[in-house]
$ cat final-v5.cif   # mmCIF, C-alpha atoms
data_work
loop_
_atom_site.label_atom_id
_atom_site.label_comp_id
_atom_site.auth_asym_id
_atom_site.auth_seq_id
_atom_site.Cartn_x
_atom_site.Cartn_y
_atom_site.Cartn_z
CA MET A 24 -49.82 0.26 67.36
CA SER A 25 -49.02 3.46 65.48
CA ALA A 26 -46.68 4.55 68.26
CA GLN A 27 -44.77 1.27 67.89
CA VAL A 28 -44.41 1.75 64.08
CA GLU A 29 -43.25 5.31 64.60
CA ALA A 30 -40.64 4.09 67.07
CA ASP A 31 -39.42 1.48 64.57
CA VAL A 32 -39.10 4.11 61.86
CA ARG A 33 -37.12 6.35 64.14
CA THR A 34 -34.86 3.40 64.98
CA ILE A 35 -34.23 2.41 61.33
CA SER A 36 -34.02 5.83 59.66
CA PRO A 37 -30.51 6.84 60.89
CA GLU A 38 -29.06 3.71 59.22
CA MET A 39 -30.63 4.33 55.79
CA PRO A 40 -28.18 7.05 54.55
CA ALA A 41 -25.22 4.81 55.38
CA MET A 42 -26.82 1.95 53.46
CA PHE A 43 -27.47 4.18 50.43
CA ASP A 44 -23.90 5.46 50.59
CA GLY A 45 -22.68 1.87 50.56
CA MET A 46 -24.83 1.09 47.51
CA LYS A 47 -23.53 4.18 45.68
CA LEU A 48 -19.95 3.23 46.53
CA ALA A 49 -20.54 -0.29 45.24
CA ALA A 50 -22.07 1.08 42.02
CA VAL A 51 -19.15 3.45 41.45
CA ALA A 52 -16.67 0.67 42.14
CA THR A 53 -18.49 -1.58 39.66
CA VAL A 54 -18.46 1.12 36.96
CA LEU A 55 -14.78 1.79 37.54
CA TYR A 56 -14.03 -1.92 37.37
CA VAL A 57 -15.89 -2.23 34.06
CA ILE A 58 -14.05 0.82 32.67
CA VAL A 59 -10.67 -0.53 33.74
CA ARG A 60 -11.43 -3.95 32.23
CA THR A 61 -12.91 -2.53 29.03
CA LEU A 62 -10.09 -0.06 28.44
CA ASN A 63 -7.43 -2.56 29.59
CA LEU A 64 -5.90 0.17 31.75
CA LYS A 65 -3.92 -2.33 33.83
CA CYS A 66 -2.41 -3.96 30.74
CA PRO A 67 1.29 -3.10 30.34
CA THR A 68 2.92 -1.68 27.24
CA ALA A 69 5.62 -3.66 25.48
CA ALA A 70 7.86 -3.80 22.46
CA PRO A 71 6.54 -5.85 19.52
CA ASP A 72 7.13 -9.58 19.69
CA ILE A 73 9.57 -10.23 16.83
CA THR A 74 9.81 -13.56 15.02
CA CYS A 75 12.59 -13.97 12.46
CA GLN A 76 15.69 -15.97 11.69
CA ASP A 77 19.08 -14.77 12.87
CA THR A 78 20.57 -13.48 9.61
CA PRO A 79 22.84 -10.52 8.77
CA LEU A 80 19.96 -8.77 7.04
CA ASN A 81 17.51 -9.21 9.92
CA ARG A 82 20.10 -8.16 12.49
CA TYR A 83 20.83 -5.07 10.44
CA LEU A 84 17.13 -4.24 9.99
CA LEU A 85 16.33 -4.55 13.68
CA LYS A 86 19.34 -2.41 14.55
CA SER A 87 18.59 0.22 11.88
CA CYS A 88 14.87 0.22 12.63
CA PRO A 89 14.86 0.63 16.45
CA ILE A 90 11.14 1.46 16.53
CA LEU A 91 10.51 -2.27 16.04
CA THR A 92 12.42 -3.17 19.21
CA LYS A 93 11.15 -0.37 21.46
CA GLU A 94 7.82 -0.46 23.27
CA TYR A 95 4.82 0.93 21.46
CA ILE A 96 3.00 3.29 23.84
CA PRO A 97 -0.63 4.04 22.87
CA PRO A 98 -2.69 6.90 24.37
CA LEU A 99 -3.02 6.23 28.09
CA LEU A 100 -6.79 6.42 28.64
CA TRP A 101 -8.12 4.47 25.64
CA GLY A 102 -5.21 3.28 23.50
CA LYS A 103 -4.99 -0.15 25.12
CA SER A 104 -8.46 -1.04 23.87
CA GLY A 105 -8.31 -2.72 20.48
CA HIS A 106 -11.99 -1.87 19.94
CA LEU A 107 -11.48 1.85 20.50
CA GLN A 108 -8.35 1.91 18.34
CA THR A 109 -10.29 0.14 15.58
CA ALA A 110 -13.37 2.33 16.00
CA LEU A 111 -11.35 5.54 15.86
CA TYR A 112 -9.55 4.33 12.73
CA GLY A 113 -12.88 3.31 11.16
CA LYS A 114 -14.65 6.56 11.99
CA MET A 115 -11.88 9.14 11.62
CA GLY A 116 -8.93 7.37 10.04
CA ARG A 117 -6.50 9.90 11.47
CA VAL A 118 -6.70 13.28 13.23
CA LYS A 119 -5.69 16.48 11.47
CA SER A 120 -5.20 14.56 8.24
CA PRO A 121 -3.16 16.38 5.57
CA LYS A 122 -4.30 16.71 1.96
CA PRO A 123 -1.43 15.73 -0.34
CA CYS A 124 -1.84 16.75 -3.97
CA GLY A 125 -1.66 14.02 -6.57
CA LEU A 126 -2.69 13.16 -10.12
CA ARG A 127 -5.38 10.60 -10.83
CA LYS A 128 -4.46 8.03 -13.47
CA TYR A 129 -6.90 5.88 -15.45
CA LEU A 130 -5.95 2.48 -16.88
CA SER A 131 -8.09 0.41 -19.25
CA MET A 132 -8.27 -3.25 -18.28
CA PRO A 133 -8.67 -6.13 -20.79
CA ASP A 134 -12.22 -6.88 -19.59
CA GLY A 135 -13.39 -3.29 -20.09
CA ALA A 136 -12.93 -2.21 -16.48
CA THR A 137 -11.18 1.07 -15.71
CA ALA A 138 -8.60 0.96 -12.93
CA THR A 139 -7.64 4.20 -11.20
CA PHE A 140 -4.79 5.17 -8.92
CA ASP A 141 -3.42 8.43 -7.56
CA LEU A 142 0.21 9.39 -8.07
CA PHE A 143 2.02 11.64 -5.58
CA GLU A 144 5.50 12.95 -6.34
CA PRO A 145 8.11 13.16 -3.54
CA GLN A 146 8.45 16.46 -1.70
CA GLY A 147 12.02 15.75 -0.67
CA VAL A 148 14.95 13.99 -2.28
CA HIS A 149 15.78 10.53 -0.96
CA SER A 150 19.42 10.11 -0.07
CA THR A 151 19.91 6.90 -2.06
CA ARG A 152 17.86 6.54 -5.25
CA ASP A 153 14.54 6.95 -7.07
CA LEU A 154 11.98 5.12 -4.92
CA THR A 155 8.24 4.56 -5.22
CA MET A 156 5.81 3.27 -2.63
CA VAL A 157 3.09 1.23 -4.38
CA ILE A 158 0.22 1.17 -1.88
CA CYS A 159 -2.84 -1.07 -1.69
CA PRO A 160 -5.46 0.19 0.83
CA GLY A 161 -7.89 -1.81 2.95
CA ILE A 162 -11.33 -3.12 2.01
CA GLY A 163 -13.40 -0.60 0.07
CA ASN A 164 -10.74 2.09 0.59
CA HIS A 165 -8.94 4.51 -1.70
CA SER A 166 -6.45 7.38 -1.79
CA GLU A 167 -8.88 9.84 -0.18
CA LYS A 168 -9.12 7.96 3.12
CA HIS A 169 -7.53 9.85 5.99
CA TYR A 170 -5.11 7.10 7.05
CA ILE A 171 -3.86 6.81 3.46
CA ARG A 172 -3.48 10.58 3.11
CA THR A 173 -1.51 10.75 6.35
CA PHE A 174 0.84 7.95 5.30
CA VAL A 175 1.33 9.38 1.80
CA ASP A 176 2.12 12.85 3.16
CA TYR A 177 4.70 11.42 5.56
CA SER A 178 6.26 9.23 2.86
CA GLN A 179 6.46 12.12 0.40
CA LYS A 180 8.36 14.21 2.93
CA GLN A 181 10.80 11.32 3.35
CA GLY A 182 11.55 11.39 -0.38
CA TYR A 183 9.25 8.64 -1.66
CA ARG A 184 6.99 8.82 -4.67
CA CYS A 185 3.63 7.23 -3.83
CA ALA A 186 1.15 5.41 -6.04
CA VAL A 187 -2.12 4.52 -4.30
CA LEU A 188 -4.59 2.09 -5.83
CA ASN A 189 -8.26 3.05 -5.68
CA HIS A 190 -10.09 -0.23 -5.32
CA LEU A 191 -12.42 -0.84 -8.24
CA GLY A 192 -15.80 0.57 -7.24
CA ALA A 193 -14.59 2.19 -4.00
CA LEU A 194 -14.58 5.80 -5.22
CA PRO A 195 -18.18 7.11 -5.14
CA ASN A 196 -17.66 9.49 -8.07
CA ILE A 197 -16.09 6.96 -10.48
CA GLU A 198 -18.53 4.80 -12.42
CA LEU A 199 -17.72 1.18 -13.20
CA THR A 200 -17.18 0.47 -16.90
CA SER A 201 -17.62 -3.29 -16.59
CA PRO A 202 -19.79 -5.55 -14.38
CA ARG A 203 -16.97 -6.16 -11.90
CA MET A 204 -15.58 -4.56 -8.75
CA PHE A 205 -12.72 -5.28 -6.34
CA THR A 206 -12.58 -8.61 -4.56
CA TYR A 207 -10.62 -10.07 -1.65
CA GLY A 208 -7.64 -11.16 -3.70
CA CYS A 209 -7.91 -9.98 -7.31
CA THR A 210 -4.51 -8.51 -8.25
CA TRP A 211 -5.37 -7.24 -11.75
CA GLU A 212 -5.69 -3.55 -10.89
CA PHE A 213 -2.69 -3.55 -8.57
CA SER A 214 -0.63 -5.29 -11.25
CA ALA A 215 -1.70 -2.69 -13.81
CA MET A 216 -0.66 0.14 -11.49
CA VAL A 217 2.73 -1.42 -10.77
CA GLY A 218 3.29 -2.01 -14.49
CA TYR A 219 2.53 1.63 -15.23
CA ILE A 220 4.99 2.79 -12.58
CA LYS A 221 7.74 0.52 -13.94
CA ARG A 222 7.22 1.76 -17.51
CA THR A 223 6.93 5.43 -16.62
CA PHE A 224 9.84 5.48 -14.17
CA PRO A 225 12.35 2.94 -15.53
CA GLN A 226 14.94 3.80 -12.85
CA THR A 227 12.66 3.59 -9.85
CA GLN A 228 12.66 0.78 -7.33
CA LEU A 229 9.55 -0.24 -5.44
CA ILE A 230 8.45 -0.62 -1.86
CA VAL A 231 5.18 -2.57 -1.81
CA VAL A 232 2.79 -1.64 1.03
CA GLY A 233 -0.55 -3.26 1.82
CA PHE A 234 -3.08 -2.42 4.54
CA SER A 235 -5.51 -5.13 5.73
CA LEU A 236 -7.18 -6.56 2.59
CA GLY A 237 -4.56 -4.64 0.63
CA GLY A 238 -1.87 -6.65 2.42
CA ASN A 239 -3.45 -9.84 1.10
CA ILE A 240 -3.51 -8.45 -2.45
CA ALA A 241 0.08 -7.15 -2.27
CA CYS A 242 1.50 -10.44 -0.96
CA LYS A 243 -0.55 -12.50 -3.38
CA TYR A 244 0.63 -10.35 -6.30
CA LEU A 245 4.31 -10.76 -5.39
CA GLY A 246 3.93 -14.51 -4.87
CA GLU A 247 2.05 -15.15 -8.11
CA SER A 248 5.15 -14.78 -10.30
CA PRO A 249 8.89 -14.15 -9.81
CA ALA A 250 8.60 -11.43 -12.47
CA ASN A 251 6.32 -9.46 -10.13
CA GLN A 252 9.22 -9.11 -7.67
CA GLU A 253 11.58 -7.48 -10.18
CA ARG A 254 12.74 -4.04 -9.00
CA VAL A 255 10.94 -4.59 -5.68
CA LEU A 256 13.14 -3.79 -2.68
CA CYS A 257 10.73 -5.03 -0.01
CA CYS A 258 7.12 -5.50 1.01
CA VAL A 259 5.26 -4.43 4.16
CA SER A 260 1.88 -5.92 5.09
CA ILE A 261 -0.17 -4.46 7.96
CA CYS A 262 -3.10 -6.16 9.76
CA GLN A 263 -4.07 -8.69 7.11
CA GLY A 264 -5.69 -12.06 7.88
CA TYR A 265 -3.73 -14.23 5.41
CA SER A 266 -6.46 -16.83 4.81
CA ALA A 267 -10.11 -15.94 4.12
CA LEU A 268 -11.06 -19.61 4.34
CA ARG A 269 -9.79 -19.89 7.91
CA ALA A 270 -11.07 -16.44 8.84
CA GLN A 271 -14.69 -17.04 7.77
CA GLU A 272 -15.45 -19.27 10.77
CA THR A 273 -14.02 -16.75 13.22
CA PHE A 274 -16.19 -13.98 11.77
CA LEU A 275 -19.30 -15.85 12.89
CA GLN A 276 -18.14 -15.88 16.52
CA TRP A 277 -19.13 -13.29 19.13
CA ASP A 278 -15.65 -13.38 20.64
CA GLN A 279 -14.19 -9.83 20.52
CA CYS A 280 -17.56 -8.75 18.99
CA ARG A 281 -16.33 -10.19 15.69
CA ARG A 282 -19.86 -11.05 14.58
CA LEU A 283 -20.85 -7.40 15.03
CA TYR A 284 -17.89 -6.18 13.01
CA ASN A 285 -18.84 -8.70 10.34
CA PHE A 286 -22.34 -7.22 10.15
CA LEU A 287 -21.03 -3.64 9.96
CA MET A 288 -18.54 -4.44 7.20
CA ALA A 289 -21.21 -6.36 5.30
CA ASP A 290 -23.50 -3.34 5.53
CA ASN A 291 -20.76 -1.12 4.13
CA MET A 292 -20.10 -3.58 1.28
CA LYS A 293 -23.81 -3.61 0.45
CA LYS A 294 -23.78 0.17 0.11
CA ILE A 295 -20.79 0.05 -2.25
CA ILE A 296 -22.33 -2.69 -4.40
CA LEU A 297 -25.74 -1.01 -4.54
CA SER A 298 -24.16 2.30 -5.55
CA HIS A 299 -23.01 0.48 -8.73
CA ARG A 300 -26.20 -1.53 -9.19
CA ALA A 301 -26.75 -0.41 -12.79
CA SER A 302 -23.26 -1.47 -13.86
CA LEU A 303 -23.09 -4.73 -11.91
CA PHE A 304 -26.62 -6.00 -12.62
CA GLY A 305 -27.68 -4.09 -15.73
CA MET A 306 -24.92 -4.80 -18.25
CA SER A 307 -25.48 -7.59 -20.77
CA SER A 308 -22.12 -9.15 -19.90
CA SER A 309 -22.96 -9.37 -16.20
CA ASN A 310 -22.97 -12.73 -14.42
CA MET A 311 -25.49 -11.43 -11.89
CA GLU A 312 -29.16 -12.33 -11.76
CA ALA A 313 -32.19 -10.75 -10.11
CA ALA A 314 -32.05 -13.39 -7.38
CA ASP A 315 -28.51 -12.30 -6.50
CA LEU A 316 -29.76 -8.78 -5.87
CA SER A 317 -32.49 -10.13 -3.59
CA HIS A 318 -29.92 -12.14 -1.65
CA LEU A 319 -27.79 -9.02 -1.29
CA TYR A 320 -30.59 -7.08 0.38
CA THR A 321 -31.02 -9.77 3.04
CA ALA A 322 -27.32 -10.49 3.61
CA THR A 323 -26.06 -9.90 7.15
CA SER A 324 -22.48 -11.15 6.79
CA LEU A 325 -19.53 -10.79 4.44
CA MET A 326 -19.69 -14.51 3.71
CA GLN A 327 -23.23 -14.22 2.36
CA ILE A 328 -22.21 -11.31 0.13
CA ASP A 329 -19.11 -13.16 -1.04
CA ASP A 330 -21.13 -16.27 -1.85
CA ASN A 331 -23.93 -14.50 -3.71
CA ILE A 332 -22.01 -11.67 -5.36
CA MET A 333 -18.23 -11.42 -5.08
CA ARG A 334 -17.17 -14.94 -6.11
CA LYS A 335 -19.20 -14.66 -9.33
CA PHE A 336 -17.10 -11.77 -10.66
CA HIS A 337 -14.34 -14.29 -11.43
CA GLY A 338 -16.46 -17.38 -11.98
CA HIS A 339 -15.59 -19.27 -8.80
CA ASN A 340 -17.84 -22.30 -8.36
CA SER A 341 -18.10 -22.10 -4.59
CA LEU A 342 -17.30 -19.88 -1.65
CA LYS A 343 -14.59 -22.33 -0.56
CA GLU A 344 -12.92 -22.11 -3.98
CA TYR A 345 -13.16 -18.30 -3.94
CA TYR A 346 -11.51 -18.01 -0.53
CA GLU A 347 -8.82 -20.56 -1.32
CA LYS A 348 -7.79 -19.00 -4.64
CA GLU A 349 -7.95 -15.37 -3.48
CA SER A 350 -5.98 -15.76 -0.23
CA CYS A 351 -2.27 -14.95 -0.17
CA VAL A 352 -1.50 -17.95 2.06
CA ARG A 353 -1.16 -20.02 -1.13
CA TYR A 354 1.45 -17.64 -2.59
CA ILE A 355 3.24 -15.85 0.23
CA HIS A 356 5.95 -18.52 0.56
CA ASN A 357 7.05 -17.64 -2.99
CA ILE A 358 8.13 -14.14 -1.97
CA SER A 359 11.91 -13.79 -1.86
CA VAL A 360 12.29 -10.05 -1.26
CA PRO A 361 12.47 -8.77 2.36
CA LEU A 362 9.00 -9.01 3.86
CA LEU A 363 7.69 -7.34 7.03
CA LEU A 364 4.40 -8.74 8.32
CA MET A 365 2.80 -6.78 11.15
CA ASN A 366 -0.28 -7.54 13.24
CA SER A 367 -1.74 -6.53 16.59
CA SER A 368 -2.73 -8.97 19.34
CA ASP A 369 -5.86 -6.96 20.16
CA ASP A 370 -7.07 -6.65 16.55
CA PRO A 371 -10.77 -7.58 16.85
CA LEU A 372 -10.96 -8.52 13.15
CA VAL A 373 -8.01 -10.93 12.95
CA HIS A 374 -8.36 -14.00 15.17
CA GLN A 375 -5.31 -15.18 17.07
CA SER A 376 -5.38 -18.52 15.25
CA LEU A 377 -4.62 -16.75 11.96
CA LEU A 378 -1.37 -15.35 13.33
CA LYS A 379 0.19 -18.79 13.23
CA ILE A 380 0.55 -18.30 9.46
CA PRO A 381 2.98 -15.34 9.55
CA ARG A 382 4.79 -16.67 12.62
CA THR A 383 5.48 -20.03 10.97
CA LEU A 384 6.55 -18.30 7.75
CA ALA A 385 9.03 -16.09 9.64
CA GLU A 386 10.46 -19.13 11.40
CA LYS A 387 11.04 -20.90 8.07
CA LYS A 388 12.08 -18.10 5.70
CA GLN A 389 15.13 -15.87 6.08
CA ASN A 390 13.58 -12.87 4.33
CA VAL A 391 10.57 -12.59 6.64
CA ILE A 392 10.12 -10.62 9.87
CA PHE A 393 6.86 -10.98 11.79
CA ALA A 394 6.14 -8.19 14.29
CA LEU A 395 3.22 -8.65 16.70
CA THR A 396 2.26 -5.71 18.90
CA LEU A 397 0.33 -5.94 22.15
CA HIS A 398 -1.93 -3.03 21.22
CA GLY A 399 -3.00 -1.17 18.11
CA GLY A 400 -6.34 -2.67 17.10
CA HIS A 401 -7.06 -2.94 13.38
CA LEU A 402 -5.00 -0.29 11.55
CA GLY A 403 -5.11 1.99 14.59
CA PHE A 404 -1.66 2.14 16.19
CA PHE A 405 -2.33 5.64 17.49
CA GLU A 406 0.22 7.38 19.67
CA GLY A 407 -0.35 10.12 22.22
CA SER A 408 0.23 10.96 25.86
CA VAL A 409 -3.14 10.71 27.61
CA LEU A 410 -6.28 11.44 25.59
CA PHE A 411 -5.65 13.03 22.20
CA PRO A 412 -3.82 11.00 19.52
CA GLN A 413 -1.04 12.39 17.39
CA PRO A 414 -1.70 12.91 13.66
CA LEU A 415 1.06 10.46 12.68
CA SER A 416 0.63 6.87 13.82
CA TRP A 417 3.23 4.39 15.04
CA MET A 418 2.37 2.25 11.99
CA ASP A 419 3.33 5.05 9.57
CA LYS A 420 6.69 5.48 11.26
CA VAL A 421 7.43 1.74 11.22
CA ILE A 422 6.79 1.37 7.48
CA VAL A 423 8.99 4.30 6.49
CA SER A 424 11.71 3.34 8.99
CA TYR A 425 11.78 -0.22 7.63
CA ALA A 426 11.87 1.04 4.02
CA ASN A 427 14.73 3.42 4.86
CA ALA A 428 16.68 0.59 6.46
CA ILE A 429 16.17 -1.63 3.40
CA CYS A 430 17.39 1.16 1.12
CA GLN A 431 20.60 1.44 3.15
CA TRP A 432 21.17 -2.32 3.34
CA GLU A 433 23.15 -2.68 0.11
CA LYS A 434 25.58 -0.02 1.25
CA HIS A 435 26.21 -1.74 4.58
CA ARG A 436 26.00 -5.39 3.49
CA PRO A 437 29.79 -5.98 3.23
CA GLN A 438 30.40 -4.66 6.75
CA CYS A 439 27.52 -6.78 8.14
CA GLN A 440 28.80 -9.94 6.51
CA GLN A 441 32.31 -9.23 7.76
CA ALA A 442 30.98 -8.70 11.29
CA LYS A 443 29.31 -12.06 11.17
#
$ encode --input "final-v5.cif" --output "structure tokens"
Amino acid sequence: MSAQVEADVRTISPEMPAMFDGMKLAAVATVLYVIVRTLNLKCPTAAPDITCQDTPLNRYLLKSCPILTKEYIPPLLWGKSGHLQTALYGKMGRVKSPKPCGLRKYLSMPDGATATFDLFEPQGVHSTRDLTMVICPGIGNHSEKHYIRTFVDYSQKQGYRCAVLNHLGALPNIELTSPRMFTYGCTWEFSAMVGYIKRTFPQTQLIVVGFSLGGNIACKYLGESPANQERVLCCVSICQGYSALRAQETFLQWDQCRRLYNFLMADNMKKIILSHRASLFGMSSSNMEAADLSHLYTATSLMQIDDNIMRKFHGHNSLKEYYEKESCVRYIHNISVPLLLMNSSDDPLVHQSLLKIPRTLAEKKQNVIFALTLHGGHLGFFEGSVLFPQPLSWMDKVIVSYANAICQWEKHRPQCQQAK
């Protein structure tokens, strides 16, 4: 019996290495397949999909801003993954970020709050006129974030003065002076900053720039009143969602890991709110109660935080009312100055259904251009050959190129109209 078993073993053993090699090969092939799918390595690069009306201004802008009509090429190995672009932006902001020198300004608000913004003077002289970029950063962001510093440094060197809003409560070393912090669509602090710039520099003209949540605030501010558009040459909005009411349902979905991003952003918001706990919950004029603080500790989504904390800063009766009144979708159609709206198809935070808003607006309004890239993630838009990204992003170049083209438009308008 033992001799028979030994014979069987001798018969089978030579085939075992080949079988193991096949299993290893299958495992390697599976890993490579997952990597290729995850990093979207087979996905092509392309120029942004442009939606706009055929007008002399838009033809001129697309001709004078060729970066909008040429393909955006992200880093080869990881740049086609919207998750990695977003993660790198969220963790690092930018690589080799410069440190532009500016002055911090403090503005007293009617309700006792203290708004702050940083002012950066131009390092070069613009060829046309005195110009100021008024910049509204993303959620919980401020002038010290790397992506803001990189954009400011680049804009300064192109001859632009830059004013960057620090969202109320976002700076860790600035205490709140009233029981209120920034919200999704409150324009009070941004309006105060713009008003200061207009008074201090009576000859300057403005380029309004908003990133993510800041894009919502910038567009809402311009659409709230025609007076807000005075001396504004144009507006650029990057990676915003346009409607918080429509976005809230998508943030509860696991598609594109959106539910995970929701949890991470909620956790960050909790840290910001709790860092100002004494001001927000301790002041006699506060609308917050002890129960609200308890709800904050257990919140796992932005919607829960908005419902229990954020909407109460401005007395909204419900979450639905808060989202409706603080979203720019109600105001953006009132904007008459040139408006560039830019989003990325692989942005894991902005659902594809929300992109119908800017596309429809661009189809209906002559002053609007909607640019949709294939790659870029959420505020990523990194460029680079294979692995390492460049310090300056494609997004930075687009904004300045568009602003430069707008500044030259008045000079070339007669020729453009004659060509038509």
$ resolve_selection --input "final-v5.cif" --expression "the PyMOL selection byres ((chain A and resi 203-205) around 8)" --output "JSON, numbers by chain"
{"A": [136, 163, 190, 191, 192, 199, 201, 202, 206, 207, 209, 303, 336]}
$ residues_around --input "final-v5.cif" --residues "segment 180-183 of chain A" --least-positions-apart "3" --cutoff "8 Å" --atoms "only C-alpha atoms" --output "list in words"
Glu144, Pro145, Gln146, Gly147, Val148, His149, Ser150, Asp153, Leu154, Thr155, Met156, Asp176, Tyr177 and Val423 of chain A
$ write_last_selection --input "final-v5.cif" --atoms "C-alpha atoms" --output "CSV table (one decimal), keeping the file's coordinate frame"
chain,number,residue,atom,x,y,z
A,144,GLU,CA,5.5,13.0,-6.3
A,145,PRO,CA,8.1,13.2,-3.5
A,146,GLN,CA,8.4,16.5,-1.7
A,147,GLY,CA,12.0,15.8,-0.7
A,148,VAL,CA,15.0,14.0,-2.3
A,149,HIS,CA,15.8,10.5,-1.0
A,150,SER,CA,19.4,10.1,-0.1
A,153,ASP,CA,14.5,7.0,-7.1
A,154,LEU,CA,12.0,5.1,-4.9
A,155,THR,CA,8.2,4.6,-5.2
A,156,MET,CA,5.8,3.3,-2.6
A,176,ASP,CA,2.1,12.8,3.2
A,177,TYR,CA,4.7,11.4,5.6
A,423,VAL,CA,9.0,4.3,6.5
$ residues_around --input "final-v5.cif" --residues "segment 261-276 of chain A" --least-positions-apart "5" --cutoff "7 Å" --atoms "only C-alpha atoms" --output "ChimeraX atom specification"
/A:233-236,238-239,281-282,285,326,343,346-347,350-352,364-367,373-374,377,401-402
$ write_last_selection --input "final-v5.cif" --atoms "C-alpha atoms" --output "compact mmCIF listing (two decimals), keeping the file's coordinate frame"
# COMPACT_ATOMS: atom_id res chain seq x y z
CA GLY A 233 -0.55 -3.26 1.82
CA PHE A 234 -3.08 -2.42 4.54
CA SER A 235 -5.51 -5.13 5.73
CA LEU A 236 -7.18 -6.56 2.59
CA GLY A 238 -1.87 -6.65 2.42
CA ASN A 239 -3.45 -9.84 1.10
CA ARG A 281 -16.33 -10.19 15.69
CA ARG A 282 -19.86 -11.05 14.58
CA ASN A 285 -18.84 -8.70 10.34
CA MET A 326 -19.69 -14.51 3.71
CA LYS A 343 -14.59 -22.33 -0.56
CA TYR A 346 -11.51 -18.01 -0.53
CA GLU A 347 -8.82 -20.56 -1.32
CA SER A 350 -5.98 -15.76 -0.23
CA CYS A 351 -2.27 -14.95 -0.17
CA VAL A 352 -1.50 -17.95 2.06
CA LEU A 364 4.40 -8.74 8.32
CA MET A 365 2.80 -6.78 11.15
CA ASN A 366 -0.28 -7.54 13.24
CA SER A 367 -1.74 -6.53 16.59
CA VAL A 373 -8.01 -10.93 12.95
CA HIS A 374 -8.36 -14.00 15.17
CA LEU A 377 -4.62 -16.75 11.96
CA HIS A 401 -7.06 -2.94 13.38
CA LEU A 402 -5.00 -0.29 11.55
$ closest_atom_pairs --input "final-v5.cif" --of "segment 254-310 of chain A" --to "segment 97-120 of chain A" --cutoff "12 Å" --atoms "only C-alpha atoms" --output "CSV"
residue,atom,partner,partner_atom,distance
A:Cys262,CA,A:Thr109,CA,11.2
A:Gln279,CA,A:His106,CA,8.3
A:Cys280,CA,A:His106,CA,8.9
A:Arg281,CA,A:His106,CA,10.3
A:Leu283,CA,A:His106,CA,11.5
A:Tyr284,CA,A:His106,CA,10.1
A:Leu287,CA,A:Gly113,CA,10.8
A:Met288,CA,A:Gly113,CA,10.4
A:Asn291,CA,A:Gly113,CA,11.5
$ atom_distance --input "final-v5.cif" --atom1 "atom CA of Leu395 of chain A" --atom2 "atom CA of Asp72 of chain A"
5.0 Å
$ resolve_selection --input "final-v5.cif" --expression "the PyMOL selection byres ((chain A and resi 226-232) around 8)" --output "PDB file with C-alpha atoms, keeping the file's coordinate frame"
ATOM      1  CA  ARG A 152      17.860   6.540  -5.250  1.00  0.00           C
ATOM      2  CA  ASP A 153      14.540   6.950  -7.070  1.00  0.00           C
ATOM      3  CA  LEU A 154      11.980   5.120  -4.920  1.00  0.00           C
ATOM      4  CA  THR A 155       8.240   4.560  -5.220  1.00  0.00           C
ATOM      5  CA  MET A 156       5.810   3.270  -2.630  1.00  0.00           C
ATOM      6  CA  VAL A 157       3.090   1.230  -4.380  1.00  0.00           C
ATOM      7  CA  ILE A 158       0.220   1.170  -1.880  1.00  0.00           C
ATOM      8  CA  CYS A 159      -2.840  -1.070  -1.690  1.00  0.00           C
ATOM      9  CA  LYS A 221       7.740   0.520 -13.940  1.00  0.00           C
ATOM     10  CA  PHE A 224       9.840   5.480 -14.170  1.00  0.00           C
ATOM     11  CA  PRO A 225      12.350   2.940 -15.530  1.00  0.00           C
ATOM     12  CA  GLY A 233      -0.550  -3.260   1.820  1.00  0.00           C
ATOM     13  CA  PHE A 234      -3.080  -2.420   4.540  1.00  0.00           C
ATOM     14  CA  GLY A 237      -4.560  -4.640   0.630  1.00  0.00           C
ATOM     15  CA  GLY A 238      -1.870  -6.650   2.420  1.00  0.00           C
ATOM     16  CA  ALA A 241       0.080  -7.150  -2.270  1.00  0.00           C
ATOM     17  CA  ARG A 254      12.740  -4.040  -9.000  1.00  0.00           C
ATOM     18  CA  VAL A 255      10.940  -4.590  -5.680  1.00  0.00           C
ATOM     19  CA  LEU A 256      13.140  -3.790  -2.680  1.00  0.00           C
ATOM     20  CA  CYS A 257      10.730  -5.030  -0.010  1.00  0.00           C
ATOM     21  CA  CYS A 258       7.120  -5.500   1.010  1.00  0.00           C
ATOM     22  CA  VAL A 259       5.260  -4.430   4.160  1.00  0.00           C
ATOM     23  CA  SER A 260       1.880  -5.920   5.090  1.00  0.00           C
ATOM     24  CA  ALA A 426      11.870   1.040   4.020  1.00  0.00           C
TER      25      ALA A 426
END
$ atom_distance --input "final-v5.cif" --atom1 "atom CA of Glu247 of chain A" --atom2 "atom CA of His165 of chain A"
23.4 Å
$ residues_near_point --input "final-v5.cif" --point "(11.1, -16.1, -2.7)" --cutoff "12 Å" --atoms "all atoms listed in the file" --output "list in words"
Cys242, Leu245, Gly246, Glu247, Ser248, Pro249, Ala250, Asn251, Gln252, Glu253, Val255, Cys257, Cys258, Tyr354, Ile355, His356, Asn357, Ile358, Ser359, Val360, Pro361, Leu362, Leu384, Lys387, Lys388, Gln389, Asn390 and Val391 of chain A
$ resolve_selection --input "final-v5.cif" --expression "the PyMOL selection byres ((chain A and resi 393) around 6)" --output "compact mmCIF listing (two decimals) with C-alpha atoms, in the coordinates of the input"
# COMPACT_ATOMS: atom_id res chain seq x y z
CA ILE A 73 9.57 -10.23 16.83
CA THR A 74 9.81 -13.56 15.02
CA LEU A 364 4.40 -8.74 8.32
CA MET A 365 2.80 -6.78 11.15
CA ALA A 385 9.03 -16.09 9.64
CA ILE A 392 10.12 -10.62 9.87
CA ALA A 394 6.14 -8.19 14.29
